[in-house]
Structure formats: structure tokens, C-alpha cells
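Dumped final.txt below, it's compact mmCIF, C-alpha atoms:
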# COMPACT_ATOMS: atom_id res chain seq x y z
CA MET O 20 -15.60 -8.97 -13.04
CA ASN O 21 -15.79 -6.90 -16.17
CA ALA O 22 -18.38 -7.93 -18.74
CA PRO O 23 -16.89 -8.87 -22.14
CA GLY O 24 -16.17 -5.76 -24.18
CA VAL O 25 -16.17 -3.49 -21.14
CA PRO O 26 -12.75 -1.84 -20.80
CA MET O 27 -10.61 -2.62 -17.77
CA LEU O 28 -10.49 0.13 -15.20
CA ALA O 29 -7.31 1.81 -14.02
CA PRO O 30 -6.30 2.11 -10.35
CA LYS O 31 -7.34 5.79 -10.38
CA ASP O 32 -10.91 4.71 -11.15
CA PHE O 33 -11.06 3.14 -7.70
CA LYS O 34 -9.92 6.35 -5.94
CA SER O 35 -12.58 8.77 -4.75
CA ASP O 36 -12.29 12.56 -4.79
CA TYR O 37 -11.79 12.68 -1.02
CA LYS O 38 -8.20 13.47 -0.15
CA PRO O 39 -6.71 11.29 2.58
CA VAL O 40 -5.87 13.12 5.80
CA TRP O 41 -3.15 10.76 7.00
CA CYS O 42 0.19 12.24 8.05
CA PRO O 43 2.56 12.83 5.12
CA GLY O 44 4.67 9.70 4.65
CA CYS O 45 2.15 7.40 6.40
CA GLY O 46 2.27 3.82 5.12
CA ASP O 47 -1.51 3.78 4.69
CA TYR O 48 -1.21 5.91 1.51
CA SER O 49 0.65 3.04 -0.11
CA VAL O 50 -1.88 0.50 1.12
CA LEU O 51 -4.68 2.54 -0.44
CA SER O 52 -2.69 2.68 -3.65
CA ALA O 53 -2.03 -1.08 -3.45
CA ILE O 54 -5.76 -1.81 -2.97
CA THR O 55 -6.71 0.25 -6.03
CA LYS O 56 -3.98 -1.42 -8.10
CA ALA O 57 -5.12 -4.86 -6.98
CA LEU O 58 -8.77 -4.16 -7.83
CA ALA O 59 -7.77 -2.88 -11.27
CA THR O 60 -5.55 -5.92 -11.85
CA LEU O 61 -8.42 -8.23 -10.91
CA GLY O 62 -10.63 -6.57 -13.51
CA LEU O 63 -13.24 -5.69 -10.89
CA ARG O 64 -15.58 -2.72 -10.96
CA PRO O 65 -16.26 -0.41 -8.00
CA GLU O 66 -19.95 -1.32 -7.94
CA ASN O 67 -19.02 -4.97 -7.38
CA VAL O 68 -16.71 -4.31 -4.44
CA ALA O 69 -17.42 -3.28 -0.85
CA VAL O 70 -14.80 -2.01 1.57
CA VAL O 71 -15.75 -2.31 5.24
CA SER O 72 -13.80 -0.85 8.14
CA GLY O 73 -13.92 -0.09 11.86
CA ILE O 74 -12.23 2.87 13.53
CA GLY O 75 -8.69 4.20 13.31
CA CYS O 76 -6.36 5.79 10.78
CA SER O 77 -6.47 2.74 8.50
CA SER O 78 -10.26 2.52 8.75
CA ARG O 79 -10.61 5.72 6.76
CA ILE O 80 -9.94 3.75 3.60
CA PRO O 81 -13.54 3.10 2.44
CA ALA O 82 -14.15 6.83 1.90
CA TYR O 83 -11.07 7.11 -0.27
CA THR O 84 -12.32 4.50 -2.73
CA THR O 85 -15.16 4.60 -5.25
CA CYS O 86 -16.38 1.19 -4.08
CA TYR O 87 -19.29 0.67 -1.74
CA GLY O 88 -18.06 1.46 1.75
CA PHE O 89 -19.05 1.01 5.36
CA HIS O 90 -17.10 2.87 8.06
CA GLY O 91 -18.44 1.02 11.05
CA VAL O 92 -18.07 0.67 14.78
CA HIS O 93 -14.69 0.22 16.48
CA GLY O 94 -13.53 -3.39 16.09
CA ARG O 95 -16.74 -4.49 14.41
CA ALA O 96 -15.75 -4.40 10.75
CA LEU O 97 -15.55 -8.19 10.46
CA PRO O 98 -19.10 -9.00 11.64
CA VAL O 99 -20.48 -6.31 9.32
CA ALA O 100 -18.46 -7.70 6.42
CA THR O 101 -19.50 -11.26 7.27
CA GLY O 102 -23.16 -10.28 7.18
CA LEU O 103 -22.70 -8.44 3.93
CA LYS O 104 -20.92 -11.33 2.23
CA ALA O 105 -23.53 -13.81 3.49
CA ALA O 106 -26.31 -11.66 2.06
CA ARG O 107 -24.49 -10.64 -1.12
CA PRO O 108 -22.03 -13.41 -2.03
CA ASP O 109 -21.65 -11.83 -5.48
CA LEU O 110 -19.76 -8.85 -3.98
CA THR O 111 -16.02 -8.84 -3.42
CA VAL O 112 -15.69 -7.75 0.19
CA LEU O 113 -12.49 -6.24 1.56
CA VAL O 114 -12.12 -5.40 5.23
CA ALA O 115 -9.65 -2.72 6.38
CA SER O 116 -8.41 -2.48 9.92
CA GLY O 117 -5.43 -1.63 12.11
CA ASP O 118 -3.65 -3.39 14.94
CA GLY O 119 -5.74 -1.68 17.63
CA ASP O 120 -9.10 -1.98 15.91
CA GLY O 121 -8.44 -5.48 14.63
CA TYR O 122 -6.54 -7.22 17.41
CA SER O 123 -7.74 -5.47 20.56
CA ILE O 124 -11.23 -4.03 20.25
CA GLY O 125 -12.09 -6.48 17.48
CA GLY O 126 -9.87 -9.32 18.66
CA ASN O 127 -12.68 -11.76 19.32
CA HIS O 128 -14.26 -11.12 15.91
CA PHE O 129 -10.86 -11.82 14.33
CA LEU O 130 -10.78 -15.34 15.84
CA HIS O 131 -14.27 -16.19 14.70
CA ALA O 132 -13.89 -14.70 11.23
CA CYS O 133 -10.87 -16.97 10.73
CA ARG O 134 -12.90 -19.92 12.05
CA ARG O 135 -15.96 -19.21 9.90
CA ASN O 136 -13.88 -18.89 6.74
CA VAL O 137 -16.29 -16.60 4.91
CA ASP O 138 -14.83 -15.44 1.59
CA LEU O 139 -13.44 -12.08 2.77
CA THR O 140 -10.08 -10.35 2.42
CA TYR O 141 -8.97 -8.87 5.72
CA ILE O 142 -6.22 -6.24 5.39
CA VAL O 143 -4.74 -5.14 8.69
CA MET O 144 -2.40 -2.16 8.60
CA ASP O 145 -0.12 -2.84 11.52
CA ASN O 146 2.03 -0.01 12.88
CA HIS O 147 2.29 -1.27 16.47
CA VAL O 148 0.60 1.84 17.87
CA TYR O 149 -2.76 3.60 18.22
CA GLY O 150 -1.96 6.53 15.93
CA MET O 151 -5.32 8.26 15.71
CA THR O 152 -5.62 8.62 19.48
CA LYS O 153 -2.06 9.94 19.80
CA GLY O 154 0.25 7.03 20.34
CA GLN O 155 -0.92 4.54 22.94
CA PRO O 156 0.65 1.06 22.82
CA SER O 157 -1.41 -1.47 20.86
CA PRO O 158 -1.53 -5.28 21.09
CA THR O 159 1.43 -5.58 18.70
CA THR O 160 3.61 -2.96 20.42
CA GLU O 161 6.93 -4.26 21.62
CA PRO O 162 6.99 -4.68 25.43
CA ASP O 163 9.95 -2.31 25.86
CA TRP O 164 8.71 0.50 23.61
CA SER O 165 8.93 3.50 25.90
CA SER O 166 6.80 6.55 25.21
CA LYS O 167 5.27 9.45 27.10
CA LEU O 168 2.12 7.42 27.51
CA ALA O 169 3.86 4.18 28.52
CA PRO O 170 7.16 5.15 30.18
CA GLY O 171 9.52 2.18 30.19
CA GLY O 172 7.16 0.20 27.96
CA THR O 173 4.18 -1.95 28.85
CA GLY O 174 6.19 -5.06 29.67
CA LEU O 175 3.49 -7.08 27.91
CA ARG O 176 4.38 -9.58 25.21
CA GLU O 177 3.11 -8.81 21.73
CA PHE O 178 0.10 -10.43 20.13
CA HIS O 179 1.11 -12.67 17.19
CA PRO O 180 -1.67 -12.14 14.66
CA LEU O 181 -0.43 -14.55 12.00
CA VAL O 182 -0.06 -17.42 14.45
CA ILE O 183 -3.49 -16.67 15.91
CA ALA O 184 -4.99 -16.53 12.40
CA LEU O 185 -3.53 -19.94 11.55
CA ALA O 186 -4.66 -21.51 14.81
CA SER O 187 -8.15 -20.08 14.30
CA GLY O 188 -8.55 -21.42 10.77
CA ALA O 189 -7.72 -18.60 8.32
CA ASN O 190 -7.41 -20.03 4.82
CA PHE O 191 -4.75 -17.65 3.50
CA ILE O 192 -2.13 -15.82 5.54
CA ALA O 193 0.32 -13.29 4.13
CA ARG O 194 2.45 -10.40 5.22
CA ALA O 195 3.07 -7.34 3.05
CA PHE O 196 5.02 -4.11 3.46
CA SER O 197 3.63 -0.72 2.53
CA GLY O 198 7.10 0.39 1.39
CA ASP O 199 6.63 -1.98 -1.54
CA PRO O 200 3.24 -0.91 -2.96
CA ASN O 201 3.53 -3.10 -6.07
CA GLY O 202 4.35 -6.18 -4.02
CA CYS O 203 1.54 -5.29 -1.61
CA ALA O 204 -0.90 -4.96 -4.53
CA ALA O 205 0.11 -8.38 -5.86
CA LEU O 206 -0.47 -9.98 -2.44
CA ILE O 207 -3.87 -8.31 -2.05
CA ALA O 208 -4.90 -9.54 -5.52
CA GLU O 209 -3.78 -13.06 -4.60
CA ALA O 210 -5.69 -12.89 -1.32
CA VAL O 211 -8.88 -11.80 -3.10
CA ARG O 212 -8.53 -14.65 -5.60
CA HIS O 213 -8.04 -17.23 -2.84
CA PRO O 214 -11.37 -18.63 -1.65
CA GLY O 215 -12.27 -18.28 2.01
CA PHE O 216 -10.99 -15.95 4.70
CA SER O 217 -7.75 -14.34 3.56
CA PHE O 218 -5.72 -12.40 6.07
CA ILE O 219 -2.95 -9.98 5.11
CA GLU O 220 -0.95 -8.19 7.71
CA VAL O 221 0.56 -5.09 6.13
CA LEU O 222 3.49 -3.53 7.94
CA SER O 223 2.53 0.11 7.56
CA PRO O 224 4.82 2.53 9.42
CA CYS O 225 3.43 5.31 11.61
CA VAL O 226 5.88 8.08 10.80
CA THR O 227 4.48 10.36 13.51
CA PHE O 228 4.47 8.22 16.65
CA ARG O 229 6.90 5.51 15.55
CA PRO O 230 9.37 7.38 13.28
CA GLU O 231 11.90 4.61 13.82
CA GLN O 232 9.62 2.40 11.69
CA ARG O 233 11.04 4.16 8.63
CA GLY O 234 13.82 1.64 9.18
CA TRP O 235 11.45 -1.22 8.29
CA LYS O 236 12.42 -0.77 4.65
CA SER O 237 15.82 -2.25 5.43
CA MET O 238 14.31 -5.04 7.54
CA ALA O 239 11.48 -6.27 5.30
CA HIS O 240 12.57 -9.17 3.09
CA ALA O 241 10.97 -11.76 0.87
CA ALA O 242 10.02 -14.92 2.75
CA PRO O 243 12.83 -17.39 2.06
CA VAL O 244 10.49 -20.34 1.53
CA ALA O 245 7.53 -21.01 -0.77
CA PRO O 246 3.99 -20.85 0.66
CA THR O 247 2.85 -24.03 2.34
CA ASP O 248 -0.57 -25.66 2.66
CA ASP O 249 0.57 -27.69 5.66
CA PRO O 250 -0.69 -25.99 8.85
CA GLY O 251 1.94 -27.74 10.98
CA ARG O 252 4.78 -26.49 8.84
CA ALA O 253 3.19 -23.03 8.65
CA ALA O 254 2.87 -22.95 12.45
CA ARG O 255 6.56 -23.69 12.91
CA ARG O 256 7.47 -21.00 10.36
CA LEU O 257 5.19 -18.39 11.86
CA MET O 258 6.32 -19.11 15.42
CA THR O 259 9.95 -18.59 14.48
CA ASP O 260 9.24 -15.74 12.08
CA ASP O 261 11.27 -12.52 12.53
CA GLY O 262 8.18 -10.41 11.82
CA PHE O 263 9.54 -9.14 8.52
CA ASN O 264 9.06 -12.12 6.17
CA ILE O 265 7.05 -10.76 3.25
CA GLY O 266 4.90 -12.98 1.06
CA VAL O 267 2.23 -15.66 1.25
CA LEU O 268 3.00 -17.73 4.32
CA TYR O 269 0.07 -20.15 4.32
CA GLN O 270 -2.51 -21.18 1.70
CA GLY O 271 -5.12 -23.65 2.91
CA HIS O 272 -7.78 -25.58 1.02
CA ARG O 273 -10.76 -25.32 3.38
CA ALA O 274 -14.00 -24.76 1.54
CA PRO O 275 -15.36 -21.29 2.29
CA TYR O 276 -18.53 -20.85 4.29
CA ARG O 277 -21.57 -20.55 2.05
CA SER O 278 -24.75 -18.95 3.26
CA GLY O 279 -27.80 -21.21 3.01
CA ASN O 280 -30.21 -18.57 1.81
CA GLY O 281 -28.82 -15.06 1.37
CA ALA O 282 -29.93 -12.73 -1.35
CA SER O 283 -31.88 -15.38 -3.24
CA GLN O 284 -34.76 -14.87 -0.79
CA THR O 285 -37.45 -12.43 -1.69
CA VAL O 286 -38.59 -9.70 0.67
CA GLU O 287 -41.92 -11.53 1.00
CA ALA O 288 -40.17 -14.74 2.06
CA LEU O 289 -38.15 -12.86 4.66
CA GLU O 290 -41.26 -11.17 6.02
CA CYS O 291 -42.89 -14.59 6.40
CA GLN O 292 -40.12 -15.67 8.77
CA PHE O 293 -40.76 -12.73 11.08
CA ARG O 294 -44.55 -12.80 10.93
CA LEU O 295 -46.18 -13.11 14.40
CA MET K 25 16.46 -7.72 -14.99
CA PRO K 26 17.28 -8.31 -18.72
CA VAL K 27 15.95 -5.83 -21.32
CA PRO K 28 15.61 -7.82 -24.55
CA THR K 29 14.18 -5.23 -26.98
CA LEU K 30 14.05 -1.48 -27.55
CA GLU K 31 10.27 -1.61 -27.18
CA ASP K 32 10.62 -3.26 -23.77
CA PHE K 33 13.29 -0.77 -22.74
CA MET K 34 11.16 2.24 -23.69
CA ALA K 35 8.11 0.74 -21.96
CA ARG K 36 10.19 0.57 -18.78
CA ALA K 37 11.39 4.14 -19.25
CA TYR K 38 7.78 5.22 -19.71
CA ALA K 39 6.64 3.30 -16.61
CA MET K 40 9.46 4.89 -14.65
CA GLU K 41 8.41 8.42 -15.55
CA LEU K 42 4.75 7.62 -14.91
CA GLU K 43 5.45 6.17 -11.44
CA ALA K 44 7.55 9.21 -10.56
CA HIS K 45 4.78 11.53 -11.79
CA GLU K 46 2.18 9.70 -9.67
CA ARG K 47 4.31 9.68 -6.52
CA TYR K 48 5.04 13.43 -6.72
CA ALA K 49 1.32 14.09 -7.27
CA GLN K 50 0.59 11.99 -4.19
CA PHE K 51 3.14 14.00 -2.19
CA ALA K 52 1.59 17.27 -3.40
CA GLU K 53 -1.81 16.13 -2.11
CA GLN K 54 -0.34 15.09 1.22
CA LEU K 55 1.39 18.42 1.75
CA ASP K 56 -1.70 20.31 0.60
CA THR K 57 -3.74 18.53 3.26
CA HIS K 58 -1.22 19.65 5.87
CA ASN K 59 -1.24 23.22 4.59
CA ASN K 60 2.38 23.18 3.44
CA ARG K 61 1.42 24.87 0.20
CA GLU K 62 4.89 25.91 -0.92
CA VAL K 63 6.20 22.35 -0.93
CA ALA K 64 2.92 21.03 -2.33
CA GLU K 65 3.35 23.39 -5.28
CA MET K 66 6.92 22.23 -5.78
CA PHE K 67 5.82 18.59 -5.88
CA ARG K 68 3.10 19.53 -8.33
CA GLN K 69 5.75 21.07 -10.60
CA LEU K 70 7.94 17.98 -10.30
CA SER K 71 4.96 15.79 -11.07
CA HIS K 72 4.17 17.88 -14.15
CA ILE K 73 7.77 17.64 -15.36
CA GLU K 74 7.71 13.84 -15.04
CA SER K 75 4.41 13.67 -16.92
CA LEU K 76 6.01 15.65 -19.77
CA HIS K 77 8.87 13.16 -19.89
CA ALA K 78 6.39 10.29 -20.06
CA LYS K 79 4.43 12.03 -22.79
CA ARG K 80 7.58 12.61 -24.82
CA ILE K 81 8.42 8.90 -24.73
CA LEU K 82 4.93 8.08 -26.03
CA GLU K 83 5.36 10.58 -28.87
CA GLU K 84 8.89 9.43 -29.74
CA MET K 85 7.82 5.81 -29.88
CA ARG K 86 4.66 6.67 -31.87
CA TRP K 87 2.77 4.10 -29.85
CA PRO K 88 -0.85 4.03 -30.97
CA SER K 89 -1.87 3.13 -27.43
CA LEU K 90 -0.18 2.65 -24.11
CA PRO K 91 2.40 -0.14 -24.27
CA ALA K 92 2.18 -3.17 -22.03
CA LEU K 93 3.90 -1.87 -18.95
CA PRO K 94 6.47 -4.06 -17.26
CA PRO K 95 4.97 -6.15 -14.47
CA ALA K 96 5.65 -5.32 -10.86
CA TYR K 97 9.15 -6.37 -9.91
CA ALA K 98 10.49 -5.38 -13.31
CA TRP K 99 12.84 -3.25 -11.23
CA ASP K 100 15.59 -4.43 -8.94
CA THR K 101 14.01 -2.25 -6.26
CA PRO K 102 10.38 -2.36 -5.00
CA GLU K 103 9.48 0.61 -7.18
CA GLY K 104 10.97 2.32 -10.23
CA PRO K 105 14.42 3.88 -9.85
CA GLU K 106 12.99 7.37 -10.30
CA THR K 107 10.21 6.95 -7.71
CA ALA K 108 10.67 8.59 -4.33
CA PRO K 109 10.01 6.28 -1.37
CA PRO K 110 6.49 6.73 0.04
CA ASP K 111 7.78 7.83 3.45
CA ALA K 112 10.16 10.51 2.12
CA VAL K 113 7.98 13.45 3.15
CA HIS K 114 7.49 15.38 6.39
CA TYR K 115 4.77 17.90 7.15
CA LEU K 116 7.32 20.61 7.99
CA MET K 117 9.61 19.94 5.05
CA GLN K 118 10.83 22.85 2.94
CA PRO K 119 11.20 23.29 -0.84
CA TRP K 120 14.89 22.40 -0.60
CA HIS K 121 13.95 18.99 0.83
CA ALA K 122 11.60 18.34 -2.09
CA LEU K 123 14.44 19.09 -4.49
CA GLU K 124 16.77 16.89 -2.46
CA ILE K 125 14.30 14.02 -2.95
CA ALA K 126 14.09 14.77 -6.68
CA LEU K 127 17.88 14.87 -6.96
CA ARG K 128 18.18 11.42 -5.36
CA CYS K 129 15.57 10.06 -7.78
CA GLU K 130 17.25 11.55 -10.86
CA LEU K 131 20.63 10.16 -9.78
CA GLN K 132 19.08 6.71 -9.36
CA ALA K 133 17.48 6.97 -12.79
CA GLN K 134 20.80 8.03 -14.32
CA LYS K 135 22.54 5.04 -12.74
CA TYR K 136 19.78 2.70 -13.92
CA PHE K 137 20.29 3.75 -17.53
CA GLU K 138 24.08 3.78 -17.22
CA ASP K 139 24.00 0.19 -15.95
CA ILE K 140 21.90 -0.90 -18.95
CA ALA K 141 24.22 1.01 -21.31
CA ALA K 142 27.21 -0.77 -19.83
CA GLY K 143 25.51 -4.17 -19.72
CA GLU K 144 24.83 -6.92 -22.21
CA ALA K 145 21.61 -5.63 -23.79
CA PRO K 146 21.35 -5.51 -27.63
CA PRO K 147 23.19 -2.54 -29.23
CA GLY K 148 19.95 -0.63 -30.01
CA VAL K 149 18.89 -0.82 -26.36
CA ARG K 150 22.33 0.24 -25.15
CA ARG K 151 22.34 3.23 -27.50
CA ALA K 152 18.95 4.31 -26.20
CA ALA K 153 20.15 3.80 -22.63
CA VAL K 154 23.13 6.10 -23.27
CA GLU K 155 20.73 8.79 -24.50
CA MET K 156 18.42 8.36 -21.53
CA ALA K 157 21.37 8.47 -19.10
CA ASP K 158 22.47 11.74 -20.74
CA GLU K 159 18.99 13.15 -20.28
CA GLU K 160 18.91 12.14 -16.62
CA ARG K 161 22.36 13.72 -16.18
CA GLU K 162 20.93 16.94 -17.55
CA HIS K 163 18.02 16.69 -15.09
CA VAL K 164 20.50 16.23 -12.24
CA ARG K 165 22.28 19.41 -13.36
CA LEU K 166 19.00 21.35 -13.55
CA ILE K 167 17.91 20.24 -10.10
CA ARG K 168 21.29 21.12 -8.60
CA ASP K 169 20.92 24.60 -10.17
CA TRP K 170 17.43 24.86 -8.76
CA MET K 171 18.67 23.86 -5.29
CA ARG K 172 21.17 26.71 -5.35
CA ARG K 173 18.30 29.16 -5.80
CA VAL K 174 16.30 27.80 -2.86
CA PRO K 175 17.16 28.56 0.78
CA GLN K 176 18.80 25.68 2.56
CA PRO K 177 16.91 24.66 5.72
CA GLU K 178 18.39 25.51 9.07
CA SER K 179 18.98 22.77 11.60
CA GLY K 180 15.90 22.01 13.68
CA TRP K 181 13.58 22.64 10.73
CA ASP K 182 11.44 19.69 11.86
CA GLU K 183 11.00 20.92 15.42
CA ASP K 184 7.44 22.00 16.01
CA PRO K 185 6.87 24.09 19.16
CA ASP K 186 3.19 23.32 18.96
CA PRO K 187 2.99 19.85 17.42
CA ALA K 188 -0.31 18.97 15.87
CA ARG K 189 -0.18 15.53 17.44
CA ALA K 190 1.22 16.23 20.88
CA THR K 191 0.49 13.66 23.55
CA GLU K 192 0.24 16.17 26.40

Could you rewrite the structure in this file as C-alpha cells?
Amino acid sequence: MNAPGVPMLAPKDFKSDYKPVWCPGCGDYSVLSAITKALATLGLRPENVAVVSGIGCSSRIPAYTTCYGFHGVHGRALPVATGLKAARPDLTVLVASGDGDGYSIGGNHFLHACRRNVDLTYIVMDNHVYGMTKGQPSPTTEPDWSSKLAPGGTGLREFHPLVIALASGANFIARAFSGDPNGCAALIAEAVRHPGFSFIEVLSPCVTFRPEQRGWKSMAHAAPVAPTDDPGRAARRLMTDDGFNIGVLYQGHRAPYRSGNGASQTVEALECQFRL
Amino acid sequence: MPVPTLEDFMARAYAMELEAHERYAQFAEQLDTHNNREVAEMFRQLSHIESLHAKRILEEMRWPSLPALPPAYAWDTPEGPETAPPDAVHYLMQPWHALEIALRCELQAQKYFEDIAAGEAPPGVRRAAVEMADEEREHVRLIRDWMRRVPQPESGWDEDPDPARATE
């Protein structure tokens, strides 16, 4: 947080000089904008925030911020972020991913990050397609989505990330829509404030391979009910969810994982542990 | 969303212009990246125009510093009435399309102010809203003039014989 007397930063202070190379109209622009707005609203400073990602269009985000960044291995953003937070609990750690990186290649890490409940904010930009590699179906692609690469559709049922997150122990579950950058920023800020593992699925249209997703703006709607802290009730809601309920859908009270040692150890103490 | 004071009304008007300025600047960057320089330049001009509007409000109000901007959701829509939706652009779009976007935004802004002018806000706010609606009406006229001077796109403008992201 800002020290007393230090002026609050504006969202632009969290944007780097690198220009994003996403397709014009891509939802990820708005997510980037929402992240910078959220960090400014929270009164954070770039040097106190780390943004960790894997591979994919959405995983480009760390370079576009002035925060510390780590553009890691495909699907492995969460273990990197977990290690970082364990070693440096003073940092605010955001993790950026997409539906392919996060739910397929990194699917197993997703389960265990929810279970471990380390104080991270996991933002998954879901566009139901692998955009960077030219439009293959992803785990959240509808079974009947027909494309040149999957004629007639895959016939496979979609992965339900919010339900999986709840079942695996995530402490905060929300859905946002990139077409509402201010609302998205507010949800990200709330997720960062909430202790433990916070998961936000952001519906972020791929205008190139899924141009029909431009229609999401007429489908996204505020969740009709207030957030619940009852996992049973949340499970029923999420299982019957239409996929377009926007807002906080579950807020748990599990205490976040705290590392036993972390950065308080000196280099000498660490060396002692590895001495032969 | 009720507008109780003139100060609050002008802060919203300022926020509206600022959001529009930022969105057009964002579009200019996006089109620059995709080498559509003509449209990028047009968005840069639109962004500059919106920044001048914002600046004028600051000067008129003689605010010593930036006012407290309305919180998110101060609008009836996800973003300000003058802000183009984030997915409004296409890499092959032409200057006429950029102006078409701007026209839609100006018409929305005009309606926003007209609704306040016709509503139940205090008289001072309604008077200011009438003035702002007149200004937006003038912007609509200017953009329509501008559109007449720009070639209208032919059908199939978005067909790319060599798409950058082909799957074959």
C-alpha cells in the first residue's frame, strides 16, 4: 500500500510502454485496463505487485504492466506464483491465464492452487478457444462449435471452471465480463482484498476466431442473488448457472495458507539446510 | 442515476469526455499495431478532440484540482455514454467506420444530456444539461459533415484474401 503522504497512482502508472499486440477489439485490452484500474483503486504501487502468467494471448499481460512480471511456462503460472507468494508474502500476486493455459495444460495446478488457498488472485480470460495458436477448441469450448479445425464440433462437454474451483476449495469465486471494464476492475479489486485464493473468470471475447462472442454483451447480466458463503448453496447456483452471471458468486472464510519460513530466513540459514 | 448538484453533473460530464478520450487513444494504439495507420490517425484526432472537451470543462468549472469522479456504475450503461464499446474496432476498418463509431457515441451523449434536461434534476443542473445537449448536437452535425467527406466503404471491406490468422 502507499505510505502516508505518498500520492495515489493512476491506472496509467501501472501500464508499461510496451504496446499490446492483441487483435483490435480483443477483450484482453479491457482486462488489462481493469487490472490497472483495480491496482490504482487499491492504492498499491507497481513495486509491490507481481503479475505471473503462462502462455497464450492473455499471458502477455505481465509485460504490459509496470509491476514485477514473470511470463512463465505453459500452464505453470500458478506454481510459480505460489512459490513467489510463499517466499514474499508482502507482495500482491496476480496470476493471468486463459482457458487453454489454465484449464487444460495447467488444469492440475488449478485444482491444487484452489486446495492450497495461498493468497493469490487468479484471473482467467476465457474465450472458449486457443486464439494464439489459431483457433483450436479449448476445454471450455461448446461441444457443437464447428470450425475448420474441429468440423462438426468436438462433441465433448465443457469444463466448468467455477464448479471445479468451488469443489477444490477456492475461497473467492467471481465471474466478470471484459465488456464492462469498470465492473471488471471492481471485481478484481474485491478479489485482491479477499484473503486466500481468489478466482475470477473473465468472459473475454476472441473477436478473431469467435466473432459471435461480440454478442456476449447482450447476454452478460448481473448475478440475480447476493454472494454466498455457503458452499452448498454456491454449488447449486454454479451448477445451474447460465454461464453469464456476473459478480461475486462465492466468498468463503477459509484461512489462507501461510508459509512457515519464507523470506524471514537469511541466506546463511538457507545454505545451512542444503549443506552436505 | 440522480444528479443532485451542478458540481456532480459537471464531474460526470468531465468523466464522460475523459473516458471517451482514453478509449479512442486505446483504439489508435490497436490500429497502429496492426498497421492501419489511417484509422489510427483518425482515432488519435478523435481522442484529442475529447481531451479538449474535458479540458474545457475543467477550465469552465475553475476546479483547482481534478474533481472526485463519479464511481463506476454512475452510468446506466457499463461505461460512459460517450465511450465506444471495447470491441467496436476491426483491423481492416476504414476511416468512415471510425466516424460511424464516433457518431454513435455523440448521439448517446446527446441523449444522456437531453434525458437529464427533461428529468427532475435541480434547475441549475437542467440548464447545464440543455447546454451540453446543444454542444453534443453540434458535434453530431460536425461528424456527419466529416462523414460526407470520407469515402464510404464498399461491401466486403472486411474480407481479407490473405488473412493474418488463417487456419490453413

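Distance annotation: of K:Ala157, K:Val174, K:Ala98, K:Val27, the residue with the minimal separation from chain O is K:Ala98; atom set is all atoms listed in the file.
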
Expressed in Å to a single decimal, how great is the separation between atom CA of Glu83 of chain K and atom CA of Met156 of chain K?
->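 Result for atom CA of Glu83 of chain K versus atom CA of Met156 of chain K: 15.1 Å, one decimal.
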
Define the interface residues of chain K facing chain O as those within 12 Å, counting all atoms listed in the file, and report them as a PyMOL selection string.
-> chain K and resi 43+46-60+63-64+94-104+107-117+182+187-192

In Å, with one decimal, what is the gap from atom CA of Arg150 of chain K to atom CA of Leu131 of chain K?
->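 Computing the Euclidean distance for atom CA of Arg150 of chain K and atom CA of Leu131 of chain K yields 18.4 Å.
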
Gap from atom CA of Met258 of chain O to atom CA of Glu177 of chain O - Å, one decimal = 12.5 Å

Would you output segment 249-260 of chain O from that structure, restricted to N, CA and C atoms, as a JSON list (two decimals), in the first residue's frame?
[["chain", "number", "residue", "atom", "x", "y", "z"],
["O", 249, "ASP", "N", -21.96, -20.01, 1.72],
["O", 249, "ASP", "CA", -22.37, -21.40, 1.93],
["O", 249, "ASP", "C", -22.00, -22.21, 0.69],
["O", 250, "PRO", "N", -21.00, -23.11, 0.81],
["O", 250, "PRO", "CA", -20.56, -23.84, -0.38],
["O", 250, "PRO", "C", -21.68, -24.67, -1.02],
["O", 251, "GLY", "N", -22.59, -25.20, -0.21],
["O", 251, "GLY", "CA", -23.67, -26.00, -0.77],
["O", 251, "GLY", "C", -24.58, -25.16, -1.66],
["O", 252, "ARG", "N", -24.92, -23.99, -1.14],
["O", 252, "ARG", "CA", -25.77, -23.09, -1.92],
["O", 252, "ARG", "C", -25.04, -22.62, -3.18],
["O", 253, "ALA", "N", -23.74, -22.29, -2.99],
["O", 253, "ALA", "CA", -22.95, -21.85, -4.15],
["O", 253, "ALA", "C", -22.87, -22.95, -5.21],
["O", 254, "ALA", "N", -22.74, -24.20, -4.76],
["O", 254, "ALA", "CA", -22.64, -25.32, -5.71],
["O", 254, "ALA", "C", -23.92, -25.41, -6.53],
["O", 255, "ARG", "N", -25.05, -25.31, -5.86],
["O", 255, "ARG", "CA", -26.33, -25.39, -6.60],
["O", 255, "ARG", "C", -26.42, -24.25, -7.61],
["O", 256, "ARG", "N", -26.02, -23.04, -7.17],
["O", 256, "ARG", "CA", -26.08, -21.89, -8.09],
["O", 256, "ARG", "C", -25.17, -22.09, -9.29],
["O", 257, "LEU", "N", -23.95, -22.52, -9.00],
["O", 257, "LEU", "CA", -22.97, -22.63, -10.09],
["O", 257, "LEU", "C", -23.33, -23.76, -11.05],
["O", 258, "MET", "N", -23.93, -24.82, -10.53],
["O", 258, "MET", "CA", -24.30, -25.94, -11.39],
["O", 258, "MET", "C", -25.45, -25.58, -12.33],
["O", 259, "THR", "N", -26.27, -24.63, -11.89],
["O", 259, "THR", "CA", -27.42, -24.26, -12.72],
["O", 259, "THR", "C", -27.22, -22.91, -13.40],
["O", 260, "ASP", "N", -26.02, -22.42, -13.32],
["O", 260, "ASP", "CA", -25.64, -21.11, -13.84],
["O", 260, "ASP", "C", -25.74, -21.11, -15.37]]
